[in-house]
file structure.tsv (TSV, N, CA and C atoms)
chain	number	residue	atom	x	y	z
A	1	MET	N	25.58	-54.68	-5.23
A	1	MET	CA	25.90	-54.69	-6.64
A	1	MET	C	26.86	-55.83	-6.98
A	2	SER	N	27.84	-56.09	-6.15
A	2	SER	CA	28.82	-57.13	-6.46
A	2	SER	C	28.19	-58.52	-6.45
A	3	LYS	N	27.24	-58.76	-5.55
A	3	LYS	CA	26.57	-60.06	-5.51
A	3	LYS	C	25.77	-60.29	-6.79
A	4	ALA	N	25.13	-59.26	-7.28
A	4	ALA	CA	24.35	-59.38	-8.51
A	4	ALA	C	25.26	-59.69	-9.70
A	5	LEU	N	26.41	-59.05	-9.76
A	5	LEU	CA	27.36	-59.31	-10.84
A	5	LEU	C	27.89	-60.73	-10.76
A	6	LEU	N	28.22	-61.19	-9.56
A	6	LEU	CA	28.70	-62.56	-9.39
A	6	LEU	C	27.62	-63.57	-9.75
A	7	ARG	N	26.39	-63.30	-9.35
A	7	ARG	CA	25.27	-64.19	-9.66
A	7	ARG	C	25.05	-64.27	-11.17
A	8	GLU	N	25.14	-63.14	-11.86
A	8	GLU	CA	24.94	-63.13	-13.31
A	8	GLU	C	26.05	-63.89	-14.02
A	9	GLN	N	27.27	-63.77	-13.55
A	9	GLN	CA	28.39	-64.51	-14.14
A	9	GLN	C	28.18	-66.01	-13.93
A	10	HIS	N	27.71	-66.39	-12.76
A	10	HIS	CA	27.42	-67.79	-12.45
A	10	HIS	C	26.32	-68.31	-13.38
A	11	ARG	N	25.28	-67.53	-13.57
A	11	ARG	CA	24.16	-67.92	-14.44
A	11	ARG	C	24.63	-68.08	-15.88
A	12	ALA	N	25.49	-67.19	-16.35
A	12	ALA	CA	25.98	-67.27	-17.72
A	12	ALA	C	26.80	-68.54	-17.94
A	13	GLN	N	27.62	-68.89	-16.96
A	13	GLN	CA	28.44	-70.10	-17.07
A	13	GLN	C	27.55	-71.34	-17.09
A	14	SER	N	26.54	-71.39	-16.25
A	14	SER	CA	25.63	-72.53	-16.21
A	14	SER	C	24.84	-72.64	-17.51
A	15	THR	N	24.39	-71.53	-18.05
A	15	THR	CA	23.64	-71.53	-19.30
A	15	THR	C	24.51	-72.02	-20.45
A	16	GLY	N	25.77	-71.65	-20.45
A	16	GLY	CA	26.70	-72.11	-21.47
A	16	GLY	C	26.84	-73.62	-21.48
A	17	TRP	N	26.91	-74.21	-20.30
A	17	TRP	CA	26.98	-75.68	-20.21
A	17	TRP	C	25.72	-76.31	-20.77
A	18	LEU	N	24.57	-75.77	-20.45
A	18	LEU	CA	23.31	-76.35	-20.93
A	18	LEU	C	23.22	-76.27	-22.45
A	19	ARG	N	23.63	-75.17	-23.02
A	19	ARG	CA	23.63	-75.05	-24.49
A	19	ARG	C	24.58	-76.05	-25.12
A	20	ALA	N	25.75	-76.22	-24.52
A	20	ALA	CA	26.72	-77.18	-25.05
A	20	ALA	C	26.16	-78.59	-25.05
A	21	THR	N	25.43	-78.96	-24.01
A	21	THR	CA	24.88	-80.31	-23.96
A	21	THR	C	23.83	-80.53	-25.03
A	22	LEU	N	23.04	-79.54	-25.30
A	22	LEU	CA	21.99	-79.70	-26.31
A	22	LEU	C	22.54	-79.68	-27.73
A	23	LEU	N	23.45	-78.77	-28.02
A	23	LEU	CA	23.92	-78.57	-29.38
A	23	LEU	C	25.11	-79.44	-29.76
A	24	VAL	N	25.99	-79.72	-28.83
A	24	VAL	CA	27.23	-80.42	-29.14
A	24	VAL	C	27.24	-81.85	-28.63
A	25	MET	N	26.86	-82.03	-27.37
A	25	MET	CA	27.01	-83.34	-26.74
A	25	MET	C	25.83	-84.27	-27.00
A	26	HIS	N	24.68	-83.74	-27.39
A	26	HIS	CA	23.48	-84.52	-27.70
A	26	HIS	C	23.11	-85.47	-26.57
A	27	LEU	N	23.04	-84.96	-25.35
A	27	LEU	CA	22.66	-85.78	-24.20
A	27	LEU	C	21.14	-85.84	-24.09
A	28	ASP	N	20.65	-86.96	-23.57
A	28	ASP	CA	19.20	-87.08	-23.37
A	28	ASP	C	18.80	-86.28	-22.13
A	29	ILE	N	17.50	-86.16	-21.94
A	29	ILE	CA	16.98	-85.28	-20.87
A	29	ILE	C	17.39	-85.77	-19.48
A	30	ASP	N	17.41	-87.08	-19.26
A	30	ASP	CA	17.79	-87.59	-17.94
A	30	ASP	C	19.26	-87.31	-17.64
A	31	THR	N	20.12	-87.48	-18.63
A	31	THR	CA	21.54	-87.16	-18.44
A	31	THR	C	21.72	-85.67	-18.24
A	32	LEU	N	20.93	-84.88	-18.94
A	32	LEU	CA	20.98	-83.43	-18.78
A	32	LEU	C	20.58	-83.03	-17.35
A	33	ARG	N	19.60	-83.71	-16.79
A	33	ARG	CA	19.20	-83.43	-15.40
A	33	ARG	C	20.34	-83.76	-14.43
A	34	THR	N	21.00	-84.87	-14.66
A	34	THR	CA	22.15	-85.23	-13.82
A	34	THR	C	23.25	-84.19	-13.93
A	35	MET	N	23.52	-83.79	-15.16
A	35	MET	CA	24.55	-82.78	-15.38
A	35	MET	C	24.19	-81.46	-14.71
A	36	THR	N	22.93	-81.10	-14.75
A	36	THR	CA	22.48	-79.87	-14.09
A	36	THR	C	22.71	-79.94	-12.59
A	37	LEU	N	22.41	-81.08	-12.00
A	37	LEU	CA	22.65	-81.26	-10.56
A	37	LEU	C	24.13	-81.09	-10.23
A	38	VAL	N	24.99	-81.70	-11.02
A	38	VAL	CA	26.44	-81.60	-10.78
A	38	VAL	C	26.90	-80.16	-10.95
A	39	ILE	N	26.42	-79.48	-11.98
A	39	ILE	CA	26.79	-78.08	-12.21
A	39	ILE	C	26.37	-77.21	-11.02
A	40	LEU	N	25.14	-77.39	-10.57
A	40	LEU	CA	24.65	-76.58	-9.45
A	40	LEU	C	25.45	-76.84	-8.17
A	41	ALA	N	25.77	-78.10	-7.91
A	41	ALA	CA	26.52	-78.43	-6.70
A	41	ALA	C	27.95	-77.87	-6.76
A	42	PHE	N	28.64	-78.10	-7.88
A	42	PHE	CA	30.02	-77.64	-7.99
A	42	PHE	C	30.11	-76.12	-8.05
A	43	ASN	N	29.21	-75.48	-8.81
A	43	ASN	CA	29.24	-74.02	-8.89
A	43	ASN	C	28.82	-73.39	-7.57
A	44	GLY	N	27.93	-74.04	-6.84
A	44	GLY	CA	27.56	-73.56	-5.51
A	44	GLY	C	28.77	-73.50	-4.58
A	45	GLN	N	29.60	-74.51	-4.66
A	45	GLN	CA	30.82	-74.51	-3.87
A	45	GLN	C	31.76	-73.38	-4.31
A	46	ALA	N	31.87	-73.19	-5.62
A	46	ALA	CA	32.73	-72.12	-6.13
A	46	ALA	C	32.28	-70.75	-5.63
A	47	VAL	N	30.98	-70.50	-5.73
A	47	VAL	CA	30.45	-69.21	-5.28
A	47	VAL	C	30.64	-69.04	-3.78
A	48	PHE	N	30.42	-70.10	-3.02
A	48	PHE	CA	30.58	-70.03	-1.57
A	48	PHE	C	32.00	-69.60	-1.19
A	49	TYR	N	33.00	-70.21	-1.81
A	49	TYR	CA	34.38	-69.88	-1.45
A	49	TYR	C	34.76	-68.47	-1.88
A	50	VAL	N	34.15	-67.95	-2.93
A	50	VAL	CA	34.44	-66.58	-3.36
A	50	VAL	C	33.81	-65.57	-2.41
A	51	VAL	N	32.57	-65.77	-2.01
A	51	VAL	CA	31.88	-64.77	-1.21
A	51	VAL	C	32.15	-64.88	0.29
A	52	ARG	N	32.80	-65.92	0.75
A	52	ARG	CA	33.06	-66.07	2.18
A	52	ARG	C	34.17	-65.14	2.67
A	53	GLU	N	34.93	-64.56	1.78
A	53	GLU	CA	36.09	-63.74	2.15
A	53	GLU	C	36.05	-62.44	1.37
A	54	ARG	N	36.21	-61.31	2.07
A	54	ARG	CA	36.26	-60.00	1.39
A	54	ARG	C	37.51	-59.87	0.54
A	55	ARG	N	38.59	-60.42	1.03
A	55	ARG	CA	39.84	-60.34	0.27
A	55	ARG	C	39.85	-61.47	-0.76
A	56	ARG	N	41.02	-61.85	-1.19
A	56	ARG	CA	41.14	-62.89	-2.19
A	56	ARG	C	40.68	-64.25	-1.63
A	57	LEU	N	40.27	-65.08	-2.51
A	57	LEU	CA	39.78	-66.42	-2.21
A	57	LEU	C	40.75	-67.20	-1.31
A	58	TRP	N	42.02	-67.06	-1.55
A	58	TRP	CA	43.05	-67.83	-0.85
A	58	TRP	C	43.66	-67.09	0.34
A	59	SER	N	43.14	-65.93	0.70
A	59	SER	CA	43.79	-65.12	1.73
A	59	SER	C	43.56	-65.65	3.16
A	60	SER	N	42.57	-66.50	3.35
A	60	SER	CA	42.42	-67.13	4.67
A	60	SER	C	41.96	-68.57	4.48
A	61	ARG	N	42.44	-69.41	5.34
A	61	ARG	CA	42.09	-70.83	5.26
A	61	ARG	C	40.70	-71.03	5.87
A	62	PRO	N	39.83	-71.75	5.15
A	62	PRO	CA	38.52	-72.04	5.74
A	62	PRO	C	38.66	-73.01	6.90
A	63	GLY	N	37.67	-73.04	7.76
A	63	GLY	CA	37.68	-73.95	8.89
A	63	GLY	C	37.59	-75.40	8.45
A	64	LEU	N	37.97	-76.29	9.33
A	64	LEU	CA	37.98	-77.72	9.03
A	64	LEU	C	36.59	-78.22	8.66
A	65	LEU	N	35.57	-77.75	9.36
A	65	LEU	CA	34.21	-78.18	9.06
A	65	LEU	C	33.79	-77.76	7.65
A	66	VAL	N	34.18	-76.58	7.23
A	66	VAL	CA	33.85	-76.10	5.88
A	66	VAL	C	34.55	-76.96	4.83
A	67	ILE	N	35.82	-77.25	5.05
A	67	ILE	CA	36.58	-78.06	4.10
A	67	ILE	C	36.00	-79.47	4.00
A	68	VAL	N	35.69	-80.07	5.15
A	68	VAL	CA	35.14	-81.43	5.16
A	68	VAL	C	33.77	-81.46	4.49
A	69	SER	N	32.92	-80.49	4.79
A	69	SER	CA	31.58	-80.49	4.19
A	69	SER	C	31.65	-80.26	2.68
A	70	SER	N	32.57	-79.42	2.24
A	70	SER	CA	32.74	-79.20	0.79
A	70	SER	C	33.24	-80.46	0.10
A	71	ALA	N	34.22	-81.11	0.70
A	71	ALA	CA	34.75	-82.34	0.13
A	71	ALA	C	33.68	-83.42	0.06
A	72	LEU	N	32.88	-83.52	1.12
A	72	LEU	CA	31.79	-84.50	1.12
A	72	LEU	C	30.74	-84.16	0.06
A	73	ASP	N	30.39	-82.91	-0.05
A	73	ASP	CA	29.40	-82.48	-1.05
A	73	ASP	C	29.86	-82.87	-2.45
A	74	ILE	N	31.07	-82.49	-2.80
A	74	ILE	CA	31.59	-82.79	-4.13
A	74	ILE	C	31.74	-84.30	-4.34
A	75	SER	N	32.23	-85.00	-3.33
A	75	SER	CA	32.43	-86.45	-3.45
A	75	SER	C	31.11	-87.19	-3.60
A	76	ILE	N	30.13	-86.84	-2.79
A	76	ILE	CA	28.84	-87.54	-2.85
A	76	ILE	C	28.16	-87.29	-4.19
A	77	ILE	N	28.11	-86.04	-4.61
A	77	ILE	CA	27.46	-85.72	-5.89
A	77	ILE	C	28.19	-86.40	-7.05
A	78	ALA	N	29.51	-86.34	-7.06
A	78	ALA	CA	30.28	-86.97	-8.14
A	78	ALA	C	30.09	-88.49	-8.15
A	79	THR	N	30.08	-89.11	-6.98
A	79	THR	CA	29.90	-90.56	-6.89
A	79	THR	C	28.52	-90.97	-7.39
A	80	LEU	N	27.50	-90.24	-6.97
A	80	LEU	CA	26.14	-90.55	-7.44
A	80	LEU	C	26.02	-90.37	-8.95
A	81	ALA	N	26.59	-89.30	-9.48
A	81	ALA	CA	26.50	-89.02	-10.91
A	81	ALA	C	27.30	-90.03	-11.73
A	82	LEU	N	28.49	-90.37	-11.27
A	82	LEU	CA	29.32	-91.33	-12.01
A	82	LEU	C	28.72	-92.73	-11.98
A	83	GLY	N	28.15	-93.10	-10.84
A	83	GLY	CA	27.58	-94.43	-10.70
A	83	GLY	C	26.16	-94.56	-11.20
A	84	GLY	N	25.52	-93.46	-11.50
A	84	GLY	CA	24.14	-93.50	-11.96
A	84	GLY	C	23.17	-93.90	-10.86
A	85	VAL	N	23.51	-93.57	-9.62
A	85	VAL	CA	22.65	-93.90	-8.48
A	85	VAL	C	21.57	-92.81	-8.36
A	86	LEU	N	20.31	-93.21	-8.46
A	86	LEU	CA	19.15	-92.32	-8.39
A	86	LEU	C	19.09	-91.30	-9.53
A	87	MET	N	19.90	-91.48	-10.56
A	87	MET	CA	19.95	-90.56	-11.69
A	87	MET	C	20.65	-91.25	-12.85
A	88	ALA	N	20.60	-90.63	-14.01
A	88	ALA	CA	21.31	-91.16	-15.17
A	88	ALA	C	22.82	-90.97	-14.96
A	89	PRO	N	23.63	-91.93	-15.36
A	89	PRO	CA	25.07	-91.80	-15.15
A	89	PRO	C	25.70	-90.76	-16.08
A	90	LEU	N	26.78	-90.15	-15.58
A	90	LEU	CA	27.56	-89.20	-16.38
A	90	LEU	C	28.95	-89.79	-16.60
A	91	ALA	N	29.54	-89.48	-17.73
A	91	ALA	CA	30.90	-89.92	-18.03
A	91	ALA	C	31.88	-89.18	-17.12
A	92	PRO	N	32.96	-89.85	-16.72
A	92	PRO	CA	33.97	-89.17	-15.88
A	92	PRO	C	34.52	-87.90	-16.51
A	93	SER	N	34.65	-87.88	-17.82
A	93	SER	CA	35.18	-86.68	-18.49
A	93	SER	C	34.24	-85.48	-18.32
A	94	ILE	N	32.94	-85.74	-18.29
A	94	ILE	CA	31.98	-84.65	-18.10
A	94	ILE	C	32.06	-84.11	-16.67
A	95	VAL	N	32.12	-85.02	-15.69
A	95	VAL	CA	32.22	-84.58	-14.29
A	95	VAL	C	33.53	-83.81	-14.08
A	96	ALA	N	34.62	-84.32	-14.64
A	96	ALA	CA	35.91	-83.62	-14.52
A	96	ALA	C	35.86	-82.25	-15.20
A	97	GLY	N	35.21	-82.17	-16.34
A	97	GLY	CA	35.07	-80.89	-17.04
A	97	GLY	C	34.26	-79.88	-16.25
A	98	ILE	N	33.20	-80.36	-15.60
A	98	ILE	CA	32.38	-79.47	-14.77
A	98	ILE	C	33.19	-78.98	-13.57
A	99	LEU	N	33.97	-79.87	-12.97
A	99	LEU	CA	34.81	-79.48	-11.83
A	99	LEU	C	35.84	-78.43	-12.27
A	100	ALA	N	36.48	-78.67	-13.41
A	100	ALA	CA	37.46	-77.69	-13.92
A	100	ALA	C	36.80	-76.35	-14.21
A	101	ALA	N	35.60	-76.38	-14.79
A	101	ALA	CA	34.88	-75.14	-15.08
A	101	ALA	C	34.49	-74.41	-13.80
A	102	ALA	N	34.15	-75.15	-12.75
A	102	ALA	CA	33.80	-74.52	-11.47
A	102	ALA	C	35.02	-73.85	-10.85
A	103	ILE	N	36.19	-74.46	-11.01
A	103	ILE	CA	37.43	-73.85	-10.50
A	103	ILE	C	37.72	-72.56	-11.27
A	104	VAL	N	37.58	-72.61	-12.59
A	104	VAL	CA	37.78	-71.41	-13.41
A	104	VAL	C	36.77	-70.34	-13.03
A	105	LEU	N	35.53	-70.74	-12.80
A	105	LEU	CA	34.50	-69.80	-12.38
A	105	LEU	C	34.89	-69.11	-11.07
A	106	ALA	N	35.37	-69.89	-10.10
A	106	ALA	CA	35.75	-69.32	-8.80
A	106	ALA	C	36.90	-68.32	-8.97
A	107	LEU	N	37.90	-68.69	-9.73
A	107	LEU	CA	39.04	-67.79	-9.93
A	107	LEU	C	38.64	-66.53	-10.68
A	108	THR	N	37.76	-66.67	-11.67
A	108	THR	CA	37.29	-65.51	-12.43
A	108	THR	C	36.46	-64.58	-11.55
A	109	MET	N	35.53	-65.17	-10.79
A	109	MET	CA	34.71	-64.34	-9.91
A	109	MET	C	35.56	-63.65	-8.85
A	110	ASP	N	36.59	-64.34	-8.37
A	110	ASP	CA	37.46	-63.73	-7.38
A	110	ASP	C	38.20	-62.54	-7.97
A	111	GLN	N	38.63	-62.66	-9.21
A	111	GLN	CA	39.32	-61.56	-9.89
A	111	GLN	C	38.36	-60.38	-10.08
A	112	VAL	N	37.15	-60.67	-10.53
A	112	VAL	CA	36.15	-59.62	-10.72
A	112	VAL	C	35.84	-58.95	-9.39
A	113	LYS	N	35.69	-59.75	-8.34
A	113	LYS	CA	35.41	-59.20	-7.01
A	113	LYS	C	36.54	-58.27	-6.57
A	114	GLY	N	37.78	-58.68	-6.78
A	114	GLY	CA	38.91	-57.83	-6.41
A	114	GLY	C	38.92	-56.51	-7.16
A	115	LEU	N	38.67	-56.57	-8.46
A	115	LEU	CA	38.64	-55.35	-9.26
A	115	LEU	C	37.47	-54.45	-8.86
A	116	LEU	N	36.33	-55.06	-8.63
A	116	LEU	CA	35.15	-54.30	-8.25
A	116	LEU	C	35.32	-53.65	-6.88
A	117	PHE	N	35.85	-54.39	-5.93
A	117	PHE	CA	36.08	-53.83	-4.59
A	117	PHE	C	37.10	-52.71	-4.65
A	118	ALA	N	38.14	-52.86	-5.47
A	118	ALA	CA	39.14	-51.79	-5.59
A	118	ALA	C	38.52	-50.55	-6.24
A	119	HIS	N	37.71	-50.76	-7.26
A	119	HIS	CA	37.07	-49.64	-7.94
A	119	HIS	C	36.10	-48.89	-7.01
A	120	LEU	N	35.39	-49.64	-6.19
A	120	LEU	CA	34.45	-49.03	-5.26
A	120	LEU	C	35.07	-48.66	-3.91
A	121	LYS	N	36.38	-48.87	-3.81
A	121	LYS	CA	37.15	-48.57	-2.60
A	121	LYS	C	36.56	-49.28	-1.37
A	122	MET	N	36.25	-50.57	-1.55
A	122	MET	CA	35.66	-51.36	-0.47
A	122	MET	C	36.70	-52.26	0.20
A	123	ALA	N	37.87	-52.36	-0.36
A	123	ALA	CA	38.88	-53.30	0.14
A	123	ALA	C	39.44	-52.90	1.48
call {"tool": "encode", "arguments": {"input": "structure.tsv", "output": "structure tokens"}}
result
Amino acid sequence: MSKALLREQHRAQSTGWLRATLLVMHLDIDTLRTMTLVILAFNGQAVFYVVRERRRLWSSRPGLLVIVSSALDISIIATLALGGVLMAPLAPSIVAGILAAAIVLALTMDQVKGLLFAHLKMA
């Protein structure tokens, strides 16, 4: 049940970004595809760090390999998106906004997970 709730919260956040691009930011389809890739990559990292630990997100340090692979994932995707390599370029403010939203998503999901585990006496 908790994975389904976390997945639905992740989907809602991603859908919100897509609506904002169409209605407010007026991005073309190629830029929207780039933005979708960045959202999926950054939110994937957020979800990974929330579900890897039963307790709070920060209660145990991830291994060096996990940290390095996450940093590489975010760096490579951001570099490709900012430079427009193999995709339409994104503005730095958009990439930074997506990163900030992914951090908020991780903290929110972690809070929900904590409340849900306490309610279900799973902690």
call {"tool": "atom_distance", "arguments": {"input": "structure.tsv", "atom1": "CA of Val66 (chain A)", "atom2": "CA of Arg54 (chain A)"}}
result
16.9 Å
call {"tool": "atom_distance", "arguments": {"input": "structure.tsv", "atom1": "atom C of Ile77 (chain A)", "atom2": "atom C of Ala4 (chain A)"}}
result
27.0 Å
call {"tool": "atom_distance", "arguments": {"input": "structure.tsv", "atom1": "atom C of Pro92 (chain A)", "atom2": "atom N of Ser70 (chain A)"}}
result
20.7 Å
call {"tool": "closest_residue", "arguments": {"input": "structure.tsv", "among": "A:Val51, A:Met25, A:Ile76, A:Val38", "to": "Lys113 (chain A)", "atoms": "only C-alpha atoms"}}
result
A:Val51
call {"tool": "residues_around", "arguments": {"input": "structure.tsv", "residues": "Leu82 (chain A)", "least_positions_apart": "6", "cutoff": "6.5 Å", "atoms": "only N, CA and C atoms", "output": "PDB file with N, CA and C atoms, in the coordinates of the input"}}
result
ATOM      1  N   PRO A  89      23.630 -91.930 -15.360  1.00  0.00           N
ATOM      2  CA  PRO A  89      25.070 -91.800 -15.150  1.00  0.00           C
ATOM      3  C   PRO A  89      25.700 -90.760 -16.080  1.00  0.00           C
ATOM      4  N   LEU A  90      26.780 -90.150 -15.580  1.00  0.00           N
ATOM      5  CA  LEU A  90      27.560 -89.200 -16.380  1.00  0.00           C
ATOM      6  C   LEU A  90      28.950 -89.790 -16.600  1.00  0.00           C
ATOM      7  N   ALA A  91      29.540 -89.480 -17.730  1.00  0.00           N
ATOM      8  CA  ALA A  91      30.900 -89.920 -18.030  1.00  0.00           C
ATOM      9  C   ALA A  91      31.880 -89.180 -17.120  1.00  0.00           C
ATOM     10  N   PRO A  92      32.960 -89.850 -16.720  1.00  0.00           N
ATOM     11  CA  PRO A  92      33.970 -89.170 -15.880  1.00  0.00           C
ATOM     12  C   PRO A  92      34.520 -87.900 -16.510  1.00  0.00           C
TER      13      PRO A  92
END
